[in-house]
>>> print(open('protein-v6.cif').read())   # mmCIF, C-alpha atoms
data_upload
loop_
_atom_site.label_atom_id
_atom_site.label_comp_id
_atom_site.auth_asym_id
_atom_site.auth_seq_id
_atom_site.Cartn_x
_atom_site.Cartn_y
_atom_site.Cartn_z
CA MET A 1 0.00 0.00 0.00
CA THR A 2 1.26 3.46 -0.87
CA GLU A 3 2.48 5.64 1.98
CA ARG A 4 1.19 8.75 0.24
CA LYS A 5 -2.46 9.63 0.63
CA ALA A 6 -4.46 12.47 -0.90
CA TYR A 7 -7.74 13.93 0.34
CA ILE A 8 -9.91 15.77 -2.18
CA GLY A 9 -13.43 17.13 -2.60
CA ALA A 10 -13.45 19.59 0.31
CA ARG A 11 -12.14 23.08 0.86
CA ILE A 12 -8.85 23.10 2.78
CA PHE A 13 -7.89 25.53 5.55
CA ASP A 14 -4.16 25.19 6.22
CA GLY A 15 -4.00 27.30 9.39
CA THR A 16 -3.67 30.63 7.59
CA ASP A 17 -5.37 30.39 4.18
CA GLU A 18 -8.28 28.59 2.55
CA HIS A 19 -7.72 26.54 -0.63
CA PHE A 20 -10.36 25.58 -3.20
CA GLY A 21 -10.15 22.72 -5.69
CA ALA A 22 -7.08 21.45 -3.86
CA ALA A 23 -5.82 18.18 -2.40
CA LEU A 24 -4.17 17.58 0.95
CA VAL A 25 -1.30 15.13 0.47
CA ILE A 26 0.26 13.32 3.42
CA GLU A 27 3.11 10.85 3.68
CA LYS A 28 3.11 8.54 6.69
CA ASN A 29 2.45 10.82 9.67
CA LYS A 30 3.44 14.15 8.09
CA ILE A 31 1.86 16.74 5.81
CA LEU A 32 3.59 16.63 2.43
CA LYS A 33 1.85 19.40 0.46
CA ILE A 34 -1.35 20.99 -0.75
CA VAL A 35 -1.70 20.87 -4.54
CA PRO A 36 -4.43 21.40 -7.15
CA GLU A 37 -6.59 18.28 -7.35
CA GLU A 38 -5.49 17.65 -10.94
CA ASP A 39 -1.85 17.45 -9.79
CA VAL A 40 -2.37 14.48 -7.47
CA GLY A 41 0.05 11.81 -8.67
CA PRO A 42 -0.67 8.14 -9.40
CA ASP A 43 1.42 7.19 -6.36
CA CYS A 44 -1.30 8.49 -4.01
CA GLU A 45 -4.18 6.63 -2.43
CA VAL A 46 -7.08 9.07 -2.93
CA THR A 47 -9.95 9.67 -0.48
CA LEU A 48 -12.92 11.67 -1.75
CA LEU A 49 -14.65 13.85 0.82
CA HIS A 50 -17.99 15.29 -0.19
CA LYS A 51 -17.80 19.07 0.31
CA GLY A 52 -17.21 20.50 3.77
CA LEU A 53 -13.81 21.65 5.02
CA ILE A 54 -10.49 20.03 5.89
CA CYS A 55 -8.66 21.85 8.69
CA PRO A 56 -5.84 21.20 11.15
CA GLY A 57 -6.61 19.22 14.29
CA PHE A 58 -7.47 21.49 17.19
CA VAL A 59 -4.91 22.43 19.86
CA ASP A 60 -6.16 22.88 23.44
CA ILE A 61 -3.79 23.96 26.20
CA GLN A 62 -6.29 23.70 29.07
CA VAL A 63 -7.94 20.30 29.42
CA ASN A 64 -8.76 19.27 32.98
CA GLY A 65 -10.53 16.08 31.99
CA GLY A 66 -12.84 14.17 29.70
CA GLY A 67 -14.40 10.78 29.13
CA GLY A 68 -15.52 10.62 32.76
CA TYR A 69 -12.09 11.35 34.25
CA LEU A 70 -10.23 14.30 35.77
CA LEU A 71 -6.44 14.45 35.86
CA ASN A 72 -6.76 15.45 39.54
CA GLU A 73 -8.81 12.35 40.32
CA ALA A 74 -5.94 9.86 40.29
CA PRO A 75 -3.17 10.78 37.85
CA SER A 76 -2.14 7.74 35.82
CA LEU A 77 -1.12 6.88 32.29
CA GLN A 78 -4.46 5.17 31.73
CA ILE A 79 -6.51 8.20 32.77
CA LEU A 80 -4.32 10.50 30.71
CA GLU A 81 -4.80 8.28 27.66
CA LYS A 82 -8.59 8.25 28.18
CA ILE A 83 -8.68 12.05 28.37
CA CYS A 84 -6.53 12.43 25.25
CA ASP A 85 -8.55 9.92 23.23
CA THR A 86 -11.89 11.44 24.27
CA HIS A 87 -10.86 14.87 23.04
CA ALA A 88 -9.18 13.52 19.90
CA LYS A 89 -12.44 11.95 18.76
CA LEU A 90 -14.07 15.37 19.24
CA GLY A 91 -11.43 17.08 17.08
CA THR A 92 -8.73 18.10 19.56
CA THR A 93 -5.69 16.12 18.42
CA SER A 94 -3.11 17.95 20.59
CA LEU A 95 -3.59 19.00 24.19
CA PHE A 96 -2.09 19.92 27.54
CA PRO A 97 -3.66 17.86 30.32
CA THR A 98 -4.24 20.38 33.10
CA LEU A 99 -3.93 19.86 36.83
CA ILE A 100 -6.06 22.10 39.01
CA SER A 101 -4.44 23.16 42.32
CA ASP A 102 -4.02 20.09 44.54
CA VAL A 103 -1.97 18.62 47.37
CA PRO A 104 1.75 17.98 46.70
CA ALA A 105 1.31 14.21 46.33
CA VAL A 106 -1.26 14.61 43.54
CA THR A 107 0.83 17.29 41.85
CA LYS A 108 3.89 15.04 41.89
CA ALA A 109 1.87 12.10 40.57
CA ALA A 110 0.59 14.23 37.68
CA GLN A 111 4.13 15.33 36.84
CA ASN A 112 5.39 11.73 36.89
CA CYS A 113 2.45 10.72 34.72
CA ALA A 114 3.32 13.44 32.19
CA ILE A 115 6.95 12.27 32.07
CA GLU A 116 5.78 8.70 31.46
CA ALA A 117 3.37 9.88 28.73
CA PHE A 118 6.22 11.66 26.95
CA GLU A 119 8.54 8.68 27.25
CA ASN A 120 5.81 6.44 25.80
CA ASP A 121 5.07 8.91 22.97
CA MET A 122 1.40 9.10 23.95
CA PRO A 123 -0.73 10.37 21.02
CA SER A 124 -2.19 13.89 21.53
CA PHE A 125 -0.05 14.62 24.62
CA ILE A 126 2.15 17.67 24.00
CA GLY A 127 2.85 18.99 27.51
CA LEU A 128 1.52 19.57 31.01
CA HIS A 129 -0.37 22.61 32.32
CA LEU A 130 -0.17 23.20 36.06
CA GLU A 131 -2.92 25.68 36.93
CA GLY A 132 -1.85 26.58 40.45
CA PRO A 133 -1.30 26.17 43.31
CA HIS A 134 0.59 29.50 43.22
CA LEU A 135 -2.52 31.66 42.91
CA ALA A 136 -4.32 34.44 44.81
CA SER A 137 -6.84 33.11 47.34
CA SER A 138 -9.03 36.11 46.59
CA ARG A 139 -9.48 34.82 43.03
CA SER A 140 -9.44 31.10 43.72
CA GLY A 141 -12.63 30.36 41.78
CA ALA A 142 -13.20 26.60 41.93
CA HIS A 143 -9.68 25.95 43.25
CA ASP A 144 -9.45 24.66 46.82
CA LYS A 145 -8.11 27.55 48.92
CA SER A 146 -6.50 25.14 51.38
CA VAL A 147 -3.88 24.07 48.82
CA ILE A 148 -3.09 27.53 47.39
CA LYS A 149 0.39 28.73 48.38
CA PRO A 150 3.20 31.08 47.30
CA MET A 151 5.99 29.60 45.21
CA ASP A 152 9.08 28.69 47.22
CA ASN A 153 12.50 27.48 46.15
CA SER A 154 11.57 23.79 46.24
CA ASP A 155 8.58 24.53 43.96
CA TYR A 156 10.86 26.40 41.56
CA LEU A 157 13.46 23.62 41.46
CA ASN A 158 10.76 21.01 40.87
CA LEU A 159 9.41 22.96 37.87
CA GLU A 160 12.88 23.52 36.47
CA THR A 161 13.54 19.76 36.65
CA LEU A 162 10.18 18.95 35.06
CA ALA A 163 10.96 21.25 32.13
CA GLN A 164 14.03 19.15 31.40
CA LYS A 165 11.98 15.95 31.18
CA ILE A 166 8.95 16.81 29.04
CA PRO A 167 8.73 18.97 25.89
CA LYS A 168 6.45 21.69 27.23
CA VAL A 169 5.51 22.88 30.71
CA LEU A 170 2.89 25.60 31.13
CA ILE A 171 2.11 27.10 34.54
CA THR A 172 -0.63 29.47 35.61
CA VAL A 173 0.48 31.69 38.49
CA ALA A 174 -0.65 34.90 40.18
CA PRO A 175 1.85 37.77 40.47
CA GLU A 176 0.95 37.96 44.17
CA ALA A 177 2.23 34.40 44.70
CA VAL A 178 5.52 34.30 42.77
CA SER A 179 8.60 36.50 42.62
CA ILE A 180 9.93 38.18 39.50
CA GLU A 181 13.19 36.27 39.98
CA TYR A 182 11.39 32.92 39.81
CA ILE A 183 9.60 33.98 36.62
CA GLU A 184 12.89 35.02 35.02
CA GLN A 185 14.55 31.74 35.96
CA LEU A 186 11.61 29.56 34.92
CA THR A 187 11.18 31.18 31.52
CA ALA A 188 14.94 30.88 30.96
CA ALA A 189 14.50 27.14 31.66
CA GLY A 190 11.80 26.92 28.98
CA VAL A 191 8.68 27.02 31.16
CA ILE A 192 5.74 28.89 29.62
CA VAL A 193 4.29 31.26 32.22
CA SER A 194 0.67 32.43 32.14
CA LEU A 195 -0.97 34.77 34.65
CA GLY A 196 -4.35 34.00 36.16
CA HIS A 197 -6.45 33.67 39.31
CA SER A 198 -5.08 37.04 40.35
CA ASP A 199 -6.13 40.43 41.71
CA CYS A 200 -2.94 42.02 40.40
CA SER A 201 -2.65 45.54 39.06
CA PHE A 202 -1.77 46.40 35.47
CA ALA A 203 1.72 47.38 36.67
CA GLN A 204 2.25 44.05 38.42
CA ALA A 205 1.23 42.15 35.30
CA GLN A 206 3.57 44.30 33.21
CA GLU A 207 6.46 43.51 35.54
CA LEU A 208 5.93 39.79 35.06
CA ALA A 209 5.57 40.25 31.30
CA ASN A 210 8.95 42.00 31.33
CA ALA A 211 10.30 39.03 33.30
CA GLY A 212 9.14 36.56 30.66
CA ALA A 213 5.47 35.72 31.28
CA THR A 214 3.66 35.46 27.93
CA GLY A 215 0.11 34.32 28.70
CA VAL A 216 -3.11 35.08 30.51
CA THR A 217 -5.33 32.18 31.56
CA HIS A 218 -9.08 32.18 30.75
CA LEU A 219 -9.41 35.89 30.01
CA PHE A 220 -11.97 37.77 32.17
CA ASN A 221 -12.47 34.87 34.58
CA ALA A 222 -10.90 34.82 38.07
CA MET A 223 -8.89 38.01 37.57
CA SER A 224 -8.81 41.75 38.23
CA GLN A 225 -11.17 43.42 35.78
CA PHE A 226 -10.70 46.40 33.48
CA GLY A 227 -11.38 49.80 35.04
CA SER A 228 -10.82 53.40 34.00
CA ARG A 229 -8.25 54.04 36.73
CA GLU A 230 -6.88 50.52 37.12
CA PRO A 231 -6.90 48.36 33.97
CA GLY A 232 -6.08 45.21 35.95
CA LEU A 233 -5.06 41.91 34.46
CA VAL A 234 -7.77 42.11 31.80
CA GLY A 235 -6.32 45.43 30.64
CA ALA A 236 -2.79 44.01 30.64
CA ALA A 237 -3.89 41.01 28.58
CA LEU A 238 -5.35 43.28 25.90
CA GLU A 239 -2.87 46.17 25.95
CA LEU A 240 0.43 44.31 26.18
CA GLY A 241 1.31 42.83 22.80
CA HIS A 242 3.68 40.43 24.54
CA PHE A 243 0.69 38.59 26.05
CA SER A 244 -1.61 36.04 24.44
CA ALA A 245 -4.75 34.91 26.25
CA GLY A 246 -6.97 31.88 26.26
CA ILE A 247 -10.72 32.40 26.42
CA ILE A 248 -13.65 30.09 27.22
CA ALA A 249 -16.31 30.57 24.54
CA ASP A 250 -19.34 28.78 25.96
CA GLY A 251 -21.79 31.62 26.61
CA PHE A 252 -21.43 31.30 30.40
CA HIS A 253 -17.88 32.32 31.23
CA VAL A 254 -17.74 35.40 28.99
CA ASN A 255 -20.57 37.32 27.32
CA GLU A 256 -20.30 37.32 23.53
CA ALA A 257 -20.23 41.14 23.45
CA ALA A 258 -17.23 41.12 25.79
CA ILE A 259 -15.49 38.64 23.47
CA ARG A 260 -16.10 40.94 20.49
CA VAL A 261 -14.69 43.92 22.40
CA ALA A 262 -11.63 41.91 23.46
CA LEU A 263 -10.91 40.74 19.93
CA ARG A 264 -11.01 44.31 18.65
CA ALA A 265 -8.87 45.61 21.51
CA LYS A 266 -6.13 42.96 21.57
CA LYS A 267 -2.75 44.38 20.67
CA SER A 268 -0.52 42.24 18.46
CA PRO A 269 1.64 40.25 18.08
CA GLY A 270 -0.12 38.38 20.87
CA SER A 271 -3.55 36.90 20.26
CA ILE A 272 -6.69 35.55 21.87
CA PHE A 273 -7.23 31.85 21.32
CA LEU A 274 -9.76 29.24 22.41
CA ILE A 275 -9.45 26.90 25.36
CA SER A 276 -12.03 24.40 26.54
CA ASP A 277 -11.24 24.29 30.30
CA SER A 278 -13.10 21.00 29.96
CA MET A 279 -13.82 18.70 32.87
CA ALA A 280 -14.70 15.03 33.33
CA THR A 281 -18.12 15.50 31.69
CA THR A 282 -16.77 16.05 28.16
CA GLY A 283 -17.81 13.18 25.92
CA THR A 284 -20.11 11.67 28.57
CA SER A 285 -23.62 11.93 30.04
CA LEU A 286 -22.30 12.51 33.57
CA GLU A 287 -24.47 14.81 35.70
CA SER A 288 -21.92 15.36 38.49
CA PHE A 289 -18.36 14.53 39.58
CA GLU A 290 -15.92 15.25 42.41
CA LEU A 291 -13.02 17.73 42.65
CA ASN A 292 -10.95 17.99 45.84
CA GLY A 293 -13.80 16.39 47.80
CA ARG A 294 -16.43 18.80 46.45
CA THR A 295 -19.27 17.92 44.09
CA ILE A 296 -19.49 19.72 40.77
CA PHE A 297 -22.91 19.70 39.14
CA ARG A 298 -23.72 19.72 35.41
CA LYS A 299 -26.90 21.45 34.32
CA ASN A 300 -27.89 23.12 31.05
CA GLY A 301 -24.33 23.36 29.78
CA ARG A 302 -22.93 24.79 33.03
CA LEU A 303 -20.63 23.20 35.60
CA THR A 304 -20.88 24.69 39.09
CA LEU A 305 -20.08 24.04 42.71
CA ALA A 306 -23.01 23.88 45.13
CA ASN A 307 -22.65 27.63 45.76
CA GLY A 308 -23.02 28.43 42.06
CA THR A 309 -19.33 29.11 41.34
CA LEU A 310 -18.40 28.11 37.81
CA ALA A 311 -16.10 25.08 37.93
CA GLY A 312 -14.53 24.51 34.54
CA ALA A 313 -16.55 24.19 31.36
CA ASP A 314 -18.86 21.64 29.75
CA LEU A 315 -17.15 22.26 26.43
CA ASP A 316 -14.97 20.95 23.61
CA LEU A 317 -13.09 23.10 21.10
CA ALA A 318 -15.34 22.23 18.15
CA SER A 319 -18.31 23.59 20.11
CA ALA A 320 -16.28 26.70 20.99
CA VAL A 321 -15.48 27.28 17.31
CA ARG A 322 -19.18 27.08 16.41
CA PHE A 323 -20.01 29.49 19.26
CA MET A 324 -17.51 32.01 17.90
CA VAL A 325 -19.12 31.85 14.46
CA ASN A 326 -22.79 31.56 15.37
CA LYS A 327 -22.96 33.75 18.51
CA VAL A 328 -19.93 36.05 18.47
CA GLY A 329 -20.24 36.48 14.70
CA ILE A 330 -16.67 36.19 13.48
CA PRO A 331 -15.74 34.55 10.14
CA HIS A 332 -15.21 30.79 10.28
CA ILE A 333 -11.56 31.15 9.26
CA ASP A 334 -10.86 33.43 12.22
CA ALA A 335 -12.63 31.03 14.58
CA LEU A 336 -10.62 28.10 13.24
CA LYS A 337 -7.37 30.03 13.70
CA MET A 338 -8.31 30.49 17.36
CA ALA A 339 -8.41 26.69 17.76
CA THR A 340 -5.38 25.83 15.63
CA ILE A 341 -2.46 28.07 14.70
CA LEU A 342 -2.93 30.69 17.45
CA PRO A 343 -2.61 28.31 20.43
CA SER A 344 0.21 26.46 18.65
CA LYS A 345 2.06 29.78 18.21
CA PHE A 346 1.61 30.54 21.89
CA ILE A 347 3.39 27.32 22.86
CA GLY A 348 6.00 27.64 20.09
CA MET A 349 4.83 24.67 18.02
CA GLU A 350 3.33 26.42 14.98
CA LYS A 351 5.53 24.50 12.54
CA GLU A 352 4.30 21.16 13.87
CA LEU A 353 0.72 21.61 15.11
CA GLY A 354 -2.35 23.61 14.14
CA VAL A 355 -1.24 23.89 10.50
CA LEU A 356 -1.37 21.84 7.32
CA LYS A 357 2.04 22.86 6.05
CA PRO A 358 4.89 20.66 4.74
CA GLY A 359 6.53 18.80 7.60
CA ALA A 360 3.74 19.38 10.10
CA ARG A 361 2.16 16.47 11.91
CA ALA A 362 -0.70 14.97 9.87
CA ASP A 363 -3.43 15.83 12.37
CA PHE A 364 -6.51 17.00 10.50
CA LEU A 365 -10.29 17.08 10.55
CA TRP A 366 -13.10 16.99 8.05
CA LEU A 367 -15.89 19.37 9.07
CA ASP A 368 -19.32 19.74 7.51
CA ASN A 369 -20.60 23.13 6.40
CA ASP A 370 -21.91 23.80 9.92
CA LEU A 371 -18.44 23.12 11.39
CA ASN A 372 -19.45 19.81 12.98
CA VAL A 373 -16.60 17.29 13.14
CA GLN A 374 -17.25 14.41 10.73
CA ARG A 375 -13.89 12.63 10.68
CA VAL A 376 -10.60 12.86 12.57
CA TRP A 377 -7.08 11.83 11.55
CA ARG A 378 -4.24 11.82 14.08
CA SER A 379 -0.65 11.43 12.87
CA GLY A 380 -2.04 10.35 9.51
CA GLU A 381 -4.20 7.57 10.95
CA PHE A 382 -7.99 7.65 10.72
CA LEU A 383 -9.31 7.89 14.28
CA ALA A 384 -13.04 8.60 14.20
#
>>> encode(input="protein-v6.cif", output="structure tokens")
Amino acid sequence: MTERKAYIGARIFDGTDEHFGAALVIEKNKILKIVPEEDVGPDCEVTLLHKGLICPGFVDIQVNGGGGYLLNEAPSLQILEKICDTHAKLGTTSLFPTLISDVPAVTKAAQNCAIEAFENDMPSFIGLHLEGPHLASSRSGAHDKSVIKPMDNSDYLNLETLAQKIPKVLITVAPEAVSIEYIEQLTAAGVIVSLGHSDCSFAQAQELANAGATGVTHLFNAMSQFGSREPGLVGAALELGHFSAGIIADGFHVNEAAIRVALRAKKSPGSIFLISDSMATTGTSLESFELNGRTIFRKNGRLTLANGTLAGADLDLASAVRFMVNKVGIPHIDALKMATILPSKFIGMEKELGVLKPGARADFLWLDNDLNVQRVWRSGEFLA
């Protein structure tokens, strides 16, 4: 059987541009090229797709769980694989499993699990996101306040070591809970630093940006808001071109008008991209689950603690893309960029993920005209 395969009959979005009357050609697990359909060679096995759109597999850097499991629940290679496979079948072919603030033993277990996943070349796994515990208690959200703590030297050394063992480490921290010196040292070690769960001022956020922080976690949620006299972390995320920010587009975390304003206000070269902040419910019919000994309830698309606090999102990236088009009102190409090339740029993997360019990983989707996922390929292999 030929190792070259061509996919024709659908429009192709390569991460930046849309192609018509073209073929996506892959070889083994890599993108080879996009060519006019008539230039597909006889050495290719051809698959005809009836209309719709071929696009890169989605990239999600904040995935707390899926398939009935949370990473916090009991970090293991099996649970990590279940989370990755659940999201892959929904269109997210690359992700950062995300650990919500927890006790040191669970945090260490999650880190060891991530190292094992990398060593075993687990499909879809591209890094680990540690959201906390170095946050501001005043903006803890659904995080357990009893485990929130400032970063100390042992925490720093542990993160520095982790960054040497897996390809990508992303941390969410609050400026109130971590020193500028630690941020400088961590970013020099290759750790991606994002600010969140913080009541910091604009000036504090700017100091950490100057020290190497490049991200803001779930824009608008669990952070100091924009004001005329104090722009807060929201203002820093939009005004500082050095920052990129993830956003949860589900209609509950951020009003669609606020998303439109943010998109217009964001200063380049940074961007706003989509995250799911998904929990155990994704891909299941679960009505509730546990986090740090507390019950989280699922109702009408919302996940909340008993007191009504939002606790993650009942969301996948394909649904977020459709929300951006149908509710926020942006063009489908811009929405797709927010789930593909923009998050991959943020983590420095835009030549490998979130694009259909020569040499990139052959992760791609076939969407119908309403942007519903019809088929998924991961590393060139048909998945769902």
>>> resolve_selection(input="protein-v6.cif", expression="the PyMOL selection byres ((chain A and resi 262) around 12)", output="ChimeraX atom specification")
/A:219-220,226,234-239,244-247,254-261,263-267,271-273,328
>>> write_last_selection(input="protein-v6.cif", atoms="C-alpha atoms", output="short mmCIF file (atom, residue, chain, number, x, y, z; two decimals), keeping the file's coordinate frame")
data_model
loop_
_atom_site.label_atom_id
_atom_site.label_comp_id
_atom_site.auth_asym_id
_atom_site.auth_seq_id
_atom_site.Cartn_x
_atom_site.Cartn_y
_atom_site.Cartn_z
CA LEU A 219 -9.41 35.89 30.01
CA PHE A 220 -11.97 37.77 32.17
CA PHE A 226 -10.70 46.40 33.48
CA VAL A 234 -7.77 42.11 31.80
CA GLY A 235 -6.32 45.43 30.64
CA ALA A 236 -2.79 44.01 30.64
CA ALA A 237 -3.89 41.01 28.58
CA LEU A 238 -5.35 43.28 25.90
CA GLU A 239 -2.87 46.17 25.95
CA SER A 244 -1.61 36.04 24.44
CA ALA A 245 -4.75 34.91 26.25
CA GLY A 246 -6.97 31.88 26.26
CA ILE A 247 -10.72 32.40 26.42
CA VAL A 254 -17.74 35.40 28.99
CA ASN A 255 -20.57 37.32 27.32
CA GLU A 256 -20.30 37.32 23.53
CA ALA A 257 -20.23 41.14 23.45
CA ALA A 258 -17.23 41.12 25.79
CA ILE A 259 -15.49 38.64 23.47
CA ARG A 260 -16.10 40.94 20.49
CA VAL A 261 -14.69 43.92 22.40
CA LEU A 263 -10.91 40.74 19.93
CA ARG A 264 -11.01 44.31 18.65
CA ALA A 265 -8.87 45.61 21.51
CA LYS A 266 -6.13 42.96 21.57
CA LYS A 267 -2.75 44.38 20.67
CA SER A 271 -3.55 36.90 20.26
CA ILE A 272 -6.69 35.55 21.87
CA PHE A 273 -7.23 31.85 21.32
CA VAL A 328 -19.93 36.05 18.47
#
>>> closest_residue(input="protein-v6.cif", among="A:Val46, A:Gly15, A:Asn326, A:Ser344", to="A:Gly127", atoms="all atoms listed in the file")
A:Ser344
>>> atom_distance(input="protein-v6.cif", atom1="atom CA of A:Asp316", atom2="atom CA of A:Thr107")
24.4 Å
>>> resolve_selection(input="protein-v6.cif", expression="the PyMOL selection byres ((chain A and resi 157-172) around 6)", output="list in words")
Ile115, Gly127, Leu128, His129, Leu130, Glu131, Gly132, Ser154, Asp155, Tyr156, Val173, Val191, Ile192, Val193, Ser194, Leu195 and Gly196 of chain A
>>> resolve_selection(input="protein-v6.cif", expression="the PyMOL selection byres ((chain A and resi 357-367) around 8)", output="PyMOL selection string")
chain A and resi 14+26+29-34+52-57+91+93+351-353+355-356+368-380
>>> residues_near_point(input="protein-v6.cif", point="(-18.1, 22.3, 40.0)", cutoff="8 Å", atoms="only C-alpha atoms", output="PDB file with C-alpha atoms, in the frame of the given file")
ATOM      1  CA  ALA A 142     -13.200  26.600  41.930  1.00  0.00           C
ATOM      2  CA  PHE A 289     -18.360  14.530  39.580  1.00  0.00           C
ATOM      3  CA  GLU A 290     -15.920  15.250  42.410  1.00  0.00           C
ATOM      4  CA  LEU A 291     -13.020  17.730  42.650  1.00  0.00           C
ATOM      5  CA  ARG A 294     -16.430  18.800  46.450  1.00  0.00           C
ATOM      6  CA  THR A 295     -19.270  17.920  44.090  1.00  0.00           C
ATOM      7  CA  ILE A 296     -19.490  19.720  40.770  1.00  0.00           C
ATOM      8  CA  PHE A 297     -22.910  19.700  39.140  1.00  0.00           C
ATOM      9  CA  ARG A 298     -23.720  19.720  35.410  1.00  0.00           C
ATOM     10  CA  LEU A 303     -20.630  23.200  35.600  1.00  0.00           C
ATOM     11  CA  THR A 304     -20.880  24.690  39.090  1.00  0.00           C
ATOM     12  CA  LEU A 305     -20.080  24.040  42.710  1.00  0.00           C
ATOM     13  CA  ALA A 306     -23.010  23.880  45.130  1.00  0.00           C
ATOM     14  CA  THR A 309     -19.330  29.110  41.340  1.00  0.00           C
ATOM     15  CA  LEU A 310     -18.400  28.110  37.810  1.00  0.00           C
ATOM     16  CA  ALA A 311     -16.100  25.080  37.930  1.00  0.00           C
ATOM     17  CA  GLY A 312     -14.530  24.510  34.540  1.00  0.00           C
TER      18      GLY A 312
END
>>> atom_distance(input="protein-v6.cif", atom1="atom CA of A:Ala174", atom2="atom CA of A:Lys145")
13.6 Å
>>> closest_residue(input="protein-v6.cif", among="A:Asp60, A:Glu207, A:Asp152, A:Asp121", to="A:Val321", atoms="all atoms listed in the file")
A:Asp60
>>> atom_distance(input="protein-v6.cif", atom1="atom CA of A:Ala203", atom2="atom CA of A:Ala188")
21.9 Å
>>> residues_around(input="protein-v6.cif", residues="A:Ala109", least_positions_apart="3", cutoff="10 Å", atoms="all atoms listed in the file", output="list in words")
Leu71, Asn72, Ala74, Pro75, Ser76, Pro104, Ala105, Val106, Asn112, Cys113, Ala114 and Ile115 of chain A
>>> closest_residue(input="protein-v6.cif", among="A:Gly232, A:Gly293, A:Gly283, A:Gly329", to="A:Leu90", atoms="only C-alpha atoms")
A:Gly283
>>> axis_aligned_box(input="protein-v6.cif", around="stretch 185-194 of chain A", padding_each_side="4 Å", output="AutoDock Vina command-line options")
--center_x 7.8 --center_y 29.7 --center_z 32.5 --size_x 22.3 --size_y 13.5 --size_z 15.0
>>> residues_around(input="protein-v6.cif", residues="A:Ala205", least_positions_apart="4", cutoff="7 Å", atoms="all atoms listed in the file", output="PDB file with C-alpha atoms, in the frame of the given file")
ATOM      1  CA  PRO A 175       1.850  37.770  40.470  1.00  0.00           C
ATOM      2  CA  CYS A 200      -2.940  42.020  40.400  1.00  0.00           C
ATOM      3  CA  SER A 201      -2.650  45.540  39.060  1.00  0.00           C
ATOM      4  CA  ALA A 209       5.570  40.250  31.300  1.00  0.00           C
ATOM      5  CA  LEU A 233      -5.060  41.910  34.460  1.00  0.00           C
ATOM      6  CA  ALA A 236      -2.790  44.010  30.640  1.00  0.00           C
TER       7      ALA A 236
END
>>> closest_residue(input="protein-v6.cif", among="A:Ser94, A:Ser268, A:Ser140, A:Ser146", to="A:His242", atoms="only C-alpha atoms")
A:Ser268
>>> residues_around(input="protein-v6.cif", residues="A:Lys82", least_positions_apart="3", cutoff="8 Å", atoms="all atoms listed in the file", output="NGL selection string")
:A and (66-67 or 69 or 78-79 or 85-86)
>>> closest_residue(input="protein-v6.cif", among="A:Gln62, A:Ile8, A:Asp250, A:Asp102", to="A:Thr217", atoms="all atoms listed in the file")
A:Gln62
>>> closest_residue(input="protein-v6.cif", among="A:Ala335, A:Leu274, A:Leu99, A:Leu240", to="A:Thr16", atoms="all atoms listed in the file")
A:Ala335
>>> decode(input="protein-v6.cif", residues="stretch 272-282 of chain A", atoms="N, CA and C atoms", output="PDB file, in the first residue's frame")
ATOM      1  N   ILE A 272      -5.730  36.242  21.015  1.00  0.00           N
ATOM      2  CA  ILE A 272      -6.693  35.554  21.866  1.00  0.00           C
ATOM      3  C   ILE A 272      -7.049  34.250  21.175  1.00  0.00           C
ATOM      4  N   PHE A 273      -6.941  33.157  21.909  1.00  0.00           N
ATOM      5  CA  PHE A 273      -7.230  31.845  21.324  1.00  0.00           C
ATOM      6  C   PHE A 273      -8.213  31.096  22.218  1.00  0.00           C
ATOM      7  N   LEU A 274      -8.754  30.008  21.696  1.00  0.00           N
ATOM      8  CA  LEU A 274      -9.764  29.239  22.408  1.00  0.00           C
ATOM      9  C   LEU A 274      -9.141  28.187  23.317  1.00  0.00           C
ATOM     10  N   ILE A 275      -9.736  28.023  24.475  1.00  0.00           N
ATOM     11  CA  ILE A 275      -9.445  26.899  25.361  1.00  0.00           C
ATOM     12  C   ILE A 275     -10.788  26.283  25.758  1.00  0.00           C
ATOM     13  N   SER A 276     -10.767  25.011  26.116  1.00  0.00           N
ATOM     14  CA  SER A 276     -12.026  24.398  26.545  1.00  0.00           C
ATOM     15  C   SER A 276     -12.218  24.481  28.055  1.00  0.00           C
ATOM     16  N   ASP A 277     -11.135  24.403  28.839  1.00  0.00           N
ATOM     17  CA  ASP A 277     -11.240  24.286  30.297  1.00  0.00           C
ATOM     18  C   ASP A 277     -12.180  23.132  30.660  1.00  0.00           C
ATOM     19  N   SER A 278     -12.141  22.094  29.826  1.00  0.00           N
ATOM     20  CA  SER A 278     -13.100  20.997  29.958  1.00  0.00           C
ATOM     21  C   SER A 278     -12.829  20.165  31.201  1.00  0.00           C
ATOM     22  N   MET A 279     -13.890  19.541  31.667  1.00  0.00           N
ATOM     23  CA  MET A 279     -13.822  18.704  32.865  1.00  0.00           C
ATOM     24  C   MET A 279     -14.190  17.265  32.512  1.00  0.00           C
ATOM     25  N   ALA A 280     -14.440  16.453  33.526  1.00  0.00           N
ATOM     26  CA  ALA A 280     -14.700  15.029  33.328  1.00  0.00           C
ATOM     27  C   ALA A 280     -15.921  14.769  32.452  1.00  0.00           C
ATOM     28  N   THR A 281     -16.846  15.706  32.400  1.00  0.00           N
ATOM     29  CA  THR A 281     -18.118  15.497  31.692  1.00  0.00           C
ATOM     30  C   THR A 281     -17.966  15.407  30.181  1.00  0.00           C
ATOM     31  N   THR A 282     -16.915  15.998  29.621  1.00  0.00           N
ATOM     32  CA  THR A 282     -16.775  16.050  28.160  1.00  0.00           C
ATOM     33  C   THR A 282     -16.804  14.648  27.557  1.00  0.00           C
TER      34      THR A 282
END
